[in-house]
Amino acid sequence: MKDFVAELKWRNMIHSIMPGTEEELKKGMATAYVGIDPTADSLHIGHLVGIMILTHFQACGHRPLVVLGGATGMIGDPSFKSQERVLLTPETIRHNQECIKKQLEKFLNFDESQNNHAQILNNYDWMKDWSFIDFIRDIGKHITVNYMMAKDSVKKRIETGISFTEFSYQLMQGYDYLYLYQNYDCKLQMGGSDQWGNITTGSELIRRVLDKEAFAITCPLITKADGKKFGKTEKGNVWLDREKTSPYQFYQFWLNLSDEDASRFIRIFTLKSQEEISELEKQHSENPSARVLQKALAKDITIKVHSQEDYESAVEASEILFGKGTTESLKHLDEQTFLSVFEGVPQFRVATSEVENGINIIDLLADKTQILSSKGEVRRALKENSLSINKEKVTDTYTTNAESLLNGKYILVQKGKKNYFIIIAE
């Protein structure tokens, strides 16, 4: 078995570790869990740190558990949140859980023939039969209000107000750990550094109820080199679901990281060895403009989350935008990728029937769309050979037809190297 703590250390993935954890893990195969509240029907890349900790844990020979918070998800974790969450219905949570399970299967091995196969559990399964009276009598009595109030996650909310519902969250998460300790021999809980308070409540509950020792590891909350929150863009979260974030946008997020971030993140988000990463860093330092680290990270994680085909399509799409693409490669793009690549490009609308019947290039760009301000400007651009339709240079004889439409709907117009326009036929 590989040394899990040593693995996390060189990957810079440890923020806090409870004394005795390292020694416990050296005894043999251990079981650990990470909790995820199913507040959406997809994970986003902010969740990937916890998932990768479990992935590294399993790769070191240990057994990972993922606890989807069917019960705690109905409550909402107050940790470092400025206001109370909108509470979800049981139906919404069940739907979210099913979607998340499919995404987790891309990272963890659930093959039951393996001793250390991963499992997905739902804390609603062991919370649903508790009555309120029984829970506060049998579990609540072990943890004092003073202990719970001392947690940073609670302290920060006292001033703005915290409901009893949210206040009880750490006790419910603490009970999860107790239940898993008793039923799955789970002696380690892991999560982000913002979860330290909730995790230690669990280990304290185990100590008080069972007089046993339980352990904890948290990883740093990831921020980018510029101080911005990791996984956020101007448009919001970067999701693992292709309908929320296209594979092309997903690939571009990793490709556009700074050198400093790429060097940090390739350790966290891939299973590449220390030697492999050192070699990539050496290649990168010899030719930074080639973006070796970014490309290696973007390739690895895009294939894992999506597929080899999606990765190749994203690379091809990137080349189209930066001038290396062809008409053929443009035709290969599905509609979602096409729109992702040319997001923000000015759009003009023309009737499909007119396109199919044939519009001359001069009329198309000056009259039908006003992409260029006059027919004279179109003629000058044609004379300079600076106009392309769907990545092919055109002359004044060009006329549209049904074959001009990409995905049966779009025409890509390019003037010069960087000016793009999209005509939508409808």
# chains A, B, ... in the order shown; residues from 1 in each chain; ligands from 1

call {"tool": "residues_around", "arguments": {"residues": "range 419-421 of chain A", "least_positions_apart": "5", "cutoff": "12 Å", "atoms": "only C-alpha atoms", "output": "JSON, numbers by chain"}}
result
{"A": [320, 321, 322, 323, 339, 341, 342, 343, 344, 345, 346, 347, 348, 349, 365, 369, 370, 371, 372, 386, 387, 388, 389, 390, 391, 410, 411, 412, 413, 414]}

call {"tool": "closest_residue", "arguments": {"among": "A:Ile222, A:Ile206, A:Leu171, A:Cys186", "to": "Met149 in chain A", "atoms": "only C-alpha atoms"}}
result
A:Leu171

call {"tool": "closest_residue", "arguments": {"among": "A:Glu22, A:Asp138, A:Asp194, A:Glu105", "to": "Asp3 in chain A", "atoms": "only C-alpha atoms"}}
result
A:Glu22

call {"tool": "select_by_dssp", "arguments": {"residues": "range 180-291 of chain A", "states": "helix (DSSP H, G or I)", "output": "PyMOL selection string"}}
result
chain A and resi 180-184+193-210+247-255+259-269+274-286+288-290

call {"tool": "residues_around", "arguments": {"residues": "Phe135 in chain A", "least_positions_apart": "5", "cutoff": "12 Å", "atoms": "only C-alpha atoms", "output": "ChimeraX atom specification"}}
result
/A:126-130,140-142,168,171-172,175

call {"tool": "select_by_dssp", "arguments": {"residues": "range 96-202 of chain A", "states": "strand (DSSP E or B)", "output": "PyMOL selection string"}}
result
chain A and resi 119-122+188-192

call {"tool": "residues_around", "arguments": {"residues": "Val49 in chain A", "least_positions_apart": "4", "cutoff": "10 Å", "atoms": "only C-alpha atoms", "output": "PyMOL selection string"}}
result
chain A and resi 13+45+53-55+191-192+219-222+265+268-269

call {"tool": "residues_around", "arguments": {"residues": "Leu406 in chain A", "least_positions_apart": "4", "cutoff": "10 Å", "atoms": "only C-alpha atoms", "output": "NGL selection string"}}
result
:A and (327 or 330-335 or 338 or 390 or 402 or 410-412 or 424-425)

call {"tool": "residues_around", "arguments": {"residues": "Thr21 in chain A", "least_positions_apart": "6", "cutoff": "8 Å", "atoms": "only C-alpha atoms", "output": "list in words"}}
result
Leu188, Phe215, Ala216 and Ile217 of chain A

call {"tool": "write_last_selection", "arguments": {"atoms": "N, CA and C atoms", "output": "PDB file, in the first residue's frame"}}
result
ATOM      1  N   LEU A 188     -12.026   7.617   9.431  1.00  0.00           N
ATOM      2  CA  LEU A 188     -11.459   8.863   8.917  1.00  0.00           C
ATOM      3  C   LEU A 188     -12.506   9.621   8.113  1.00  0.00           C
ATOM      4  N   PHE A 215     -10.571   9.989  13.254  1.00  0.00           N
ATOM      5  CA  PHE A 215      -9.556  10.886  12.713  1.00  0.00           C
ATOM      6  C   PHE A 215     -10.114  11.809  11.625  1.00  0.00           C
ATOM      7  N   ALA A 216      -9.295  12.791  11.267  1.00  0.00           N
ATOM      8  CA  ALA A 216      -9.763  13.791  10.294  1.00  0.00           C
ATOM      9  C   ALA A 216      -8.593  14.356   9.491  1.00  0.00           C
ATOM     10  N   ILE A 217      -8.872  14.618   8.222  1.00  0.00           N
ATOM     11  CA  ILE A 217      -7.939  15.351   7.354  1.00  0.00           C
ATOM     12  C   ILE A 217      -8.762  16.367   6.572  1.00  0.00           C
TER      13      ILE A 217
END

call {"tool": "closest_residue", "arguments": {"among": "A:Glu309, A:Glu260, A:Glu426, A:Asp176", "to": "Gly35 in chain A", "atoms": "only C-alpha atoms"}}
result
A:Asp176

call {"tool": "residues_around", "arguments": {"residues": "Thr223 in chain A", "least_positions_apart": "2", "cutoff": "12 Å", "atoms": "only C-alpha atoms", "output": "compact mmCIF listing (two decimals) with C-alpha atoms, in the first residue's frame"}}
result
# COMPACT_ATOMS: atom_id res chain seq x y z
CA GLY A 46 -15.32 23.05 -6.54
CA VAL A 49 -10.99 18.53 -4.44
CA PRO A 220 -6.97 23.75 1.76
CA LEU A 221 -9.80 25.69 0.17
CA ALA A 225 -3.25 32.82 -7.91
CA ASP A 226 -5.14 36.08 -8.52
CA GLY A 227 -7.14 35.53 -5.31
CA LYS A 228 -10.38 34.69 -7.11
CA LYS A 229 -12.47 31.72 -6.06
CA PHE A 230 -11.49 28.51 -7.80
CA GLY A 231 -14.06 27.07 -10.18
CA LYS A 232 -15.91 30.33 -10.71
CA LEU A 257 -5.00 28.77 -16.02
CA GLU A 260 1.35 29.03 -11.10
CA ASP A 261 -2.18 27.59 -10.89
CA ARG A 264 -0.57 23.53 -8.27
CA PHE A 265 -3.67 22.02 -9.82

call {"tool": "atom_distance", "arguments": {"atom1": "CA of Val34 in chain A", "atom2": "CA of Tyr177 in chain A"}}
result
10.0 Å

call {"tool": "atom_distance", "arguments": {"atom1": "CA of Val238 in chain A", "atom2": "CA of Phe250 in chain A"}}
result
6.8 Å

call {"tool": "atom_distance", "arguments": {"atom1": "CA of Arg63 in chain A", "atom2": "CA of Asn115 in chain A"}}
result
7.7 Å
